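Shown here: run00.csv, CSV, C-alpha atoms.
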```
chain,number,residue,atom,x,y,z
I,1,MET,CA,-9.4,25.1,18.8
I,2,SER,CA,-7.5,22.3,17.1
I,3,LYS,CA,-8.6,18.8,17.8
I,4,THR,CA,-6.0,16.4,19.0
I,5,LEU,CA,-5.3,13.5,16.7
I,6,ALA,CA,-5.4,10.4,18.8
I,7,ARG,CA,-7.3,7.6,17.1
I,8,ILE,CA,-6.9,6.4,13.5
I,9,LEU,CA,-9.1,4.0,11.6
I,10,TYR,CA,-6.7,2.4,9.1
I,11,VAL,CA,-7.8,0.2,6.2
I,12,GLU,CA,-5.1,-1.7,4.2
I,13,ASP,CA,-5.5,-5.1,2.7
I,14,GLU,CA,-1.9,-6.1,2.4
I,15,PRO,CA,-0.9,-7.7,5.8
I,16,ASP,CA,2.8,-6.8,5.8
I,17,ILE,CA,2.1,-3.1,5.1
I,18,ARG,CA,-0.8,-3.0,7.5
I,19,MET,CA,1.3,-4.4,10.4
I,20,VAL,CA,4.3,-2.2,9.7
I,21,ALA,CA,2.1,1.0,9.4
I,22,GLN,CA,0.1,0.1,12.5
I,23,MET,CA,3.2,-0.5,14.6
I,24,ALA,CA,4.8,2.7,13.2
I,25,LEU,CA,1.8,4.8,14.1
I,26,GLU,CA,1.5,3.3,17.6
I,27,ALA,CA,5.1,3.1,18.6
I,28,VAL,CA,6.5,6.2,16.9
I,29,GLY,CA,3.5,8.4,16.8
I,30,GLY,CA,1.7,7.3,20.0
I,31,PHE,CA,-1.6,7.0,18.2
I,32,THR,CA,-4.3,4.4,18.8
I,33,VAL,CA,-4.9,2.5,15.5
I,34,ILE,CA,-7.9,0.5,14.6
I,35,ALA,CA,-6.5,-1.5,11.7
I,36,CYS,CA,-8.9,-3.3,9.3
I,37,PRO,CA,-8.0,-5.5,6.3
I,38,SER,CA,-11.0,-4.5,4.2
I,39,GLY,CA,-13.6,-1.8,3.6
I,40,SER,CA,-16.3,-4.1,4.9
I,41,GLU,CA,-14.5,-4.6,8.2
I,42,ALA,CA,-13.9,-0.9,8.5
I,43,LEU,CA,-17.6,-0.3,8.2
I,44,ALA,CA,-18.2,-2.8,11.0
I,45,ALA,CA,-15.5,-1.1,13.2
I,46,ALA,CA,-16.4,2.5,12.5
I,47,PRO,CA,-19.4,3.0,14.8
I,48,THR,CA,-17.3,2.2,17.9
I,49,ALA,CA,-13.8,3.3,16.7
I,50,GLN,CA,-14.2,7.0,17.7
I,51,ALA,CA,-11.8,7.8,14.9
I,52,ASP,CA,-10.3,11.2,14.5
I,53,LEU,CA,-8.9,10.3,11.1
I,54,LEU,CA,-9.5,7.8,8.4
I,55,LEU,CA,-6.4,6.4,6.7
I,56,LEU,CA,-7.4,4.5,3.6
I,57,ASP,CA,-5.4,2.5,1.0
I,58,VAL,CA,-6.8,3.2,-2.4
I,59,MET,CA,-6.3,0.0,-4.3
I,60,MET,CA,-7.9,-2.9,-2.5
I,61,PRO,CA,-9.8,-6.0,-3.8
I,62,GLY,CA,-13.6,-5.8,-3.3
I,63,MET,CA,-14.3,-2.3,-1.8
I,64,ASP,CA,-11.4,0.0,-2.9
I,65,GLY,CA,-10.5,3.1,-0.9
I,66,PRO,CA,-12.9,5.5,-2.6
I,67,SER,CA,-15.8,3.0,-2.2
I,68,THR,CA,-15.0,2.5,1.4
I,69,LEU,CA,-15.0,6.2,2.0
I,70,LYS,CA,-18.3,6.6,0.3
I,71,ALA,CA,-19.8,3.9,2.6
I,72,LEU,CA,-18.1,5.4,5.7
I,73,ARG,CA,-19.6,8.8,4.9
I,74,ALA,CA,-23.1,7.2,5.2
I,75,LEU,CA,-22.4,6.3,8.8
I,76,PRO,CA,-23.0,9.0,11.5
I,77,ALA,CA,-19.7,8.1,13.3
I,78,THR,CA,-17.6,8.9,10.2
I,79,ALA,CA,-19.7,11.2,8.2
I,80,ASP,CA,-17.3,14.1,8.7
I,81,THR,CA,-14.1,12.4,9.8
I,82,PRO,CA,-11.1,13.7,7.9
I,83,VAL,CA,-9.5,11.2,5.5
I,84,ILE,CA,-6.1,10.6,4.0
I,85,PHE,CA,-5.6,8.2,1.1
I,86,MET,CA,-2.5,6.1,0.7
I,87,THR,CA,-1.6,5.1,-2.8
I,88,ALA,CA,1.2,4.5,-5.3
I,89,LYS,CA,-0.7,6.5,-7.9
I,90,VAL,CA,0.1,10.1,-7.2
I,91,GLN,CA,-0.1,11.7,-10.5
I,92,ALA,CA,-1.6,15.2,-10.3
I,93,ALA,CA,-4.9,14.1,-11.9
I,94,GLU,CA,-5.2,11.2,-9.5
I,95,VAL,CA,-4.4,13.4,-6.4
I,96,ALA,CA,-7.0,15.9,-7.6
I,97,GLN,CA,-9.6,13.1,-7.9
I,98,TYR,CA,-8.8,12.0,-4.3
I,99,ARG,CA,-9.2,15.6,-3.1
I,100,GLU,CA,-12.5,15.9,-4.8
I,101,LEU,CA,-13.6,12.8,-2.8
I,102,GLY,CA,-12.8,14.8,0.3
I,103,ALA,CA,-9.2,13.7,1.1
I,104,ILE,CA,-7.2,16.3,3.1
I,105,ASP,CA,-4.1,14.8,1.6
I,106,VAL,CA,-2.5,11.8,-0.1
I,107,ILE,CA,0.4,9.8,1.2
I,108,HIS,CA,2.7,8.2,-1.4
I,109,LYS,CA,3.4,4.5,-1.3
I,110,PRO,CA,6.0,3.2,-0.7
I,111,PHE,CA,6.3,5.2,2.5
I,112,ASP,CA,9.1,5.5,5.1
I,113,PRO,CA,7.7,3.7,8.3
I,114,MET,CA,9.9,5.8,10.6
I,115,GLU,CA,8.5,9.0,9.0
I,116,LEU,CA,4.8,8.0,8.6
I,117,SER,CA,3.6,9.4,12.0
I,118,ALA,CA,5.4,12.7,11.4
I,119,GLN,CA,4.0,13.0,7.9
I,120,ILE,CA,0.4,12.5,9.2
I,121,SER,CA,0.9,14.9,12.1
I,122,ARG,CA,2.1,17.6,9.6
I,123,ILE,CA,-0.9,17.0,7.4
I,124,TRP,CA,-3.2,17.2,10.4
I,125,ALA,CA,-1.6,20.4,11.7
I,126,GLN,CA,-1.6,22.0,8.2
I,127,GLN,CA,-5.3,21.4,7.9
I,128,GLY,CA,-5.9,23.0,11.3
I,129,GLN,CA,-7.8,20.0,12.4
F,1,MET,CA,15.1,-0.7,28.2
F,2,ASP,CA,14.1,0.1,24.7
F,3,THR,CA,12.2,3.3,23.8
F,4,PRO,CA,9.1,2.6,21.7
F,5,GLN,CA,11.0,3.9,18.7
F,6,GLN,CA,13.9,1.5,19.4
F,7,ALA,CA,11.5,-1.4,19.8
F,8,PHE,CA,9.8,-0.4,16.5
F,9,GLN,CA,13.2,-0.3,14.7
F,10,ARG,CA,14.0,-3.8,15.9
F,11,PHE,CA,10.5,-5.0,14.8
F,12,LEU,CA,11.2,-3.3,11.4
F,13,ASP,CA,14.6,-5.0,11.0
F,14,GLN,CA,13.0,-8.3,11.7
F,15,GLN,CA,10.2,-7.6,9.2
F,16,ARG,CA,12.8,-6.7,6.6
F,17,ALA,CA,14.8,-9.9,7.2
F,18,ASP,CA,11.6,-12.1,7.0
F,19,TYR,CA,10.6,-10.3,3.8
F,20,GLN,CA,14.0,-10.7,2.2
F,21,ARG,CA,13.8,-14.4,2.8
F,22,ALA,CA,10.4,-14.6,1.2
F,23,LEU,CA,11.3,-12.5,-1.8
F,24,PRO,CA,12.7,-15.3,-4.0
F,25,GLU,CA,9.4,-17.2,-3.7
F,26,LYS,CA,7.4,-14.2,-4.6
F,27,MET,CA,9.6,-13.6,-7.6
F,28,ALA,CA,9.2,-17.2,-8.7
F,29,HIS,CA,5.4,-16.9,-8.4
F,30,ILE,CA,5.4,-13.8,-10.5
F,31,HIS,CA,7.6,-15.4,-13.1
F,32,ALA,CA,5.3,-18.5,-13.2
F,33,LEU,CA,2.2,-16.3,-13.5
F,34,TRP,CA,3.7,-14.3,-16.3
F,35,SER,CA,4.7,-17.5,-18.2
F,36,ALA,CA,1.1,-18.7,-17.9
F,37,VAL,CA,-0.3,-15.3,-19.0
F,38,ALA,CA,2.0,-15.3,-22.0
F,39,ASP,CA,0.8,-18.7,-22.9
F,40,GLY,CA,-2.8,-17.5,-22.6
F,41,ASP,CA,-3.6,-20.2,-20.1
F,42,ASP,CA,-6.3,-18.4,-18.1
F,43,THR,CA,-8.0,-15.1,-18.7
F,44,ALA,CA,-8.1,-14.4,-14.9
F,45,LEU,CA,-4.4,-14.6,-14.5
F,46,PRO,CA,-3.4,-11.1,-15.8
F,47,ALA,CA,-5.4,-9.5,-13.0
F,48,GLU,CA,-3.9,-11.8,-10.5
F,49,LEU,CA,-0.4,-11.0,-11.8
F,50,GLU,CA,-1.1,-7.3,-11.7
F,51,ARG,CA,-2.3,-7.5,-8.2
F,52,LEU,CA,0.7,-9.5,-7.0
F,53,VAL,CA,3.1,-7.0,-8.7
F,54,HIS,CA,1.2,-4.1,-7.2
F,55,THR,CA,1.5,-5.5,-3.7
F,56,LEU,CA,5.2,-6.2,-4.2
F,57,ALA,CA,5.8,-2.7,-5.4
F,58,GLY,CA,4.3,-1.2,-2.3
F,59,THR,CA,5.6,-3.6,0.3
F,60,ALA,CA,9.1,-4.0,-1.0
F,61,GLY,CA,9.6,-0.2,-1.2
F,62,THR,CA,8.2,0.4,2.3
F,63,LEU,CA,10.5,-2.3,3.8
F,64,GLY,CA,13.5,-0.7,2.2
F,65,PHE,CA,14.0,-2.8,-0.9
F,66,HIS,CA,13.9,0.2,-3.2
F,67,GLU,CA,15.4,-1.5,-6.3
F,68,VAL,CA,12.8,-4.3,-6.1
F,69,GLY,CA,10.0,-1.8,-5.5
F,70,ALA,CA,11.1,0.3,-8.5
F,71,ALA,CA,11.4,-2.8,-10.7
F,72,ALA,CA,8.0,-4.0,-9.6
F,73,ARG,CA,6.4,-0.6,-10.2
F,74,ALA,CA,7.9,-0.5,-13.7
F,75,LEU,CA,6.4,-3.9,-14.4
F,76,GLU,CA,3.1,-2.9,-12.9
F,77,LEU,CA,2.8,0.1,-15.3
F,78,LEU,CA,3.4,-2.2,-18.3
F,79,LEU,CA,0.8,-4.6,-17.0
F,80,GLU,CA,-1.7,-1.8,-16.5
F,81,GLN,CA,-1.1,-0.6,-20.1
F,82,ALA,CA,-1.6,-4.1,-21.4
F,83,ALA,CA,-4.8,-4.5,-19.3
F,84,MET,CA,-6.2,-1.2,-20.7
F,85,ALA,CA,-5.7,-2.6,-24.2
F,86,GLY,CA,-8.2,-5.2,-23.1
F,87,GLN,CA,-6.4,-8.2,-24.5
F,88,LEU,CA,-3.4,-10.4,-23.9
F,89,PRO,CA,-0.2,-8.5,-24.6
F,90,LEU,CA,0.8,-8.3,-28.2
F,91,SER,CA,4.3,-9.1,-29.3
F,92,PRO,CA,6.1,-5.8,-28.6
F,93,GLN,CA,4.4,-5.5,-25.2
F,94,ARG,CA,5.3,-9.1,-24.4
F,95,THR,CA,8.9,-8.4,-25.0
F,96,ASP,CA,8.8,-5.3,-22.7
F,97,ILE,CA,6.9,-7.2,-20.0
F,98,ALA,CA,9.3,-10.2,-20.3
F,99,LEU,CA,12.2,-7.8,-19.9
F,100,ALA,CA,10.6,-6.2,-16.9
F,101,VAL,CA,10.0,-9.5,-15.3
F,102,ALA,CA,13.7,-10.4,-15.8
F,103,ALA,CA,14.7,-7.0,-14.4
F,104,LEU,CA,12.5,-7.7,-11.4
F,105,GLN,CA,14.2,-11.0,-10.8
F,106,ALA,CA,17.6,-9.4,-11.2
F,107,SER,CA,16.7,-6.8,-8.5
F,108,LEU,CA,16.7,-9.4,-5.8
F,109,PRO,CA,19.0,-8.3,-3.0
F,110,ALA,CA,22.0,-10.4,-2.0
F,111,ASP,CA,21.6,-12.5,1.1
F,112,GLU,CA,23.6,-10.2,3.3
F,113,PRO,CA,21.6,-8.6,6.1
F,114,LEU,CA,20.3,-5.1,5.5
F,115,SER,CA,22.2,-2.3,7.0
```

Written as structure tokens, that's how I'd like the structure from this file.
Amino acid sequence: MSKTLARILYVEDEPDIRMVAQMALEAVGGFTVIACPSGSEALAAAPTAQADLLLLDVMMPGMDGPSTLKALRALPATADTPVIFMTAKVQAAEVAQYRELGAIDVIHKPFDPMELSAQISRIWAQQGQ
Amino acid sequence: MDTPQQAFQRFLDQQRADYQRALPEKMAHIHALWSAVADGDDTALPAELERLVHTLAGTAGTLGFHEVGAAARALELLLEQAAMAGQLPLSPQRTDIALAVAALQASLPADEPLS
């Protein structure tokens, strides 16, 4: 049976993008979003977030997206949680690299805020989550 | 009463208006950083400049300023290439980057509200 996507742990360092994406996912998609400005804050939030999906920006100061994912994978709460990366770098080689890290898909930045929820829902459905 | 989508659209419009007002200052900051980098003032500045341009590329595009986002992305790629060379940009690269900085400034939208 497919699992319903309800809660998203979202990590993005850029405040404007974070606020717009969070509002988009909540208002348009009806998701509950736990938004974190850094990988370290995501690690602190993860144990209680009950996230169905991890949505990670790739390029962040300090812990970048892949490093954050590696650390989240070490936590029981997020050891197997599906992950989508968001990045401006979507060359085939880079996308392949993100998939090797376990991403179910990659969302291109810049993104359309009004379409973001639909895009994530499509990815979720295609993966049979 | 607004639907959640309508409320979000109003929020987005306000974000765009706020961002448009802030863009000239962001452009001036990038120009000043580039001038300092070109003068070799501080070895930490190229990374700061690249980071600022990367943020601008992502945020401007997402908020609907596609020309600014594209110009910032073009500049970001040039800065990445210069960073990979591991040194301050050499003369031909400087010219290309200076042109890209100028193109970025030229991409500033007019003051009219977004449609």

Closest to chain F among I:Thr87, I:Gln50, I:Ser40, I:Thr32, using all atoms listed in the file?
I:Thr87

Pick from I:Met23, I:Ala79, I:Leu54, I:Val11, whichever lies nearest to Asp105 (chain I) using all atoms listed in the file:
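Comparing I:Met23, I:Ala79, I:Leu54, I:Val11 against Asp105 (chain I), the winner is I:Leu54.
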
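Take the candidates F:His54, F:His66, F:Arg73, F:His31 and check each one against Ala102 (chain F) using only C-alpha atoms; the shortest distance goes to F:His31.
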
Between I:Cys36, I:Ala45, I:Val28, I:Met60, which is the closest to chain F once you count only C-alpha atoms?
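The shortest atom-to-atom distance to chain F comes from I:Val28.
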
Select, as a ChimeraX atom specification, those residues of chain F with any atom no more than 6 Å from chain I (distances computed using all atoms listed in the file).
/F:4-5,58-59,61-62

Could you write out the selected residues, including C-alpha atoms, as a compact mmCIF listing (two decimals), keeping the file's coordinate frame?
```txt
# COMPACT_ATOMS: atom_id res chain seq x y z
CA PRO F 4 9.10 2.60 21.70
CA GLN F 5 11.00 3.90 18.70
CA GLY F 58 4.30 -1.20 -2.30
CA THR F 59 5.60 -3.60 0.30
CA GLY F 61 9.60 -0.20 -1.20
CA THR F 62 8.20 0.40 2.30
```

Interatomic distance between CA of Ala103 (chain I) and CA of Val58 (chain I)?
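Atom-to-atom, CA of Ala103 (chain I) and CA of Val58 (chain I) are spaced 11.3 Å apart.
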
With all atoms listed in the file as the counted atoms, please give the residues lying no more than 9 Å from region 120-129 of chain I, apart from itself and same-chain residues fewer than 5 positions off, as a PyMOL selection string.
chain I and resi 1-5+29+53+82+84+104-105+107+115

Can you tell me how far CA of Asp64 (chain I) sits from CA of Pro46 (chain F), in Å to one decimal?
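Between CA of Asp64 (chain I) and CA of Pro46 (chain F) the gap is 18.8 Å.
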
I:Ile34, I:Ala118, I:Leu43, I:Val95 ranked by distance to Lys70 (chain I), top pick (using all atoms listed in the file):
I:Leu43

Counting only C-alpha atoms, which residues have an atom no more than 6 Å from (-11.1, -0.5, 2.2) in the file's coordinates? Please list them as a VMD selection string.
chain I and resid 11 38 to 39 63 to 65 68
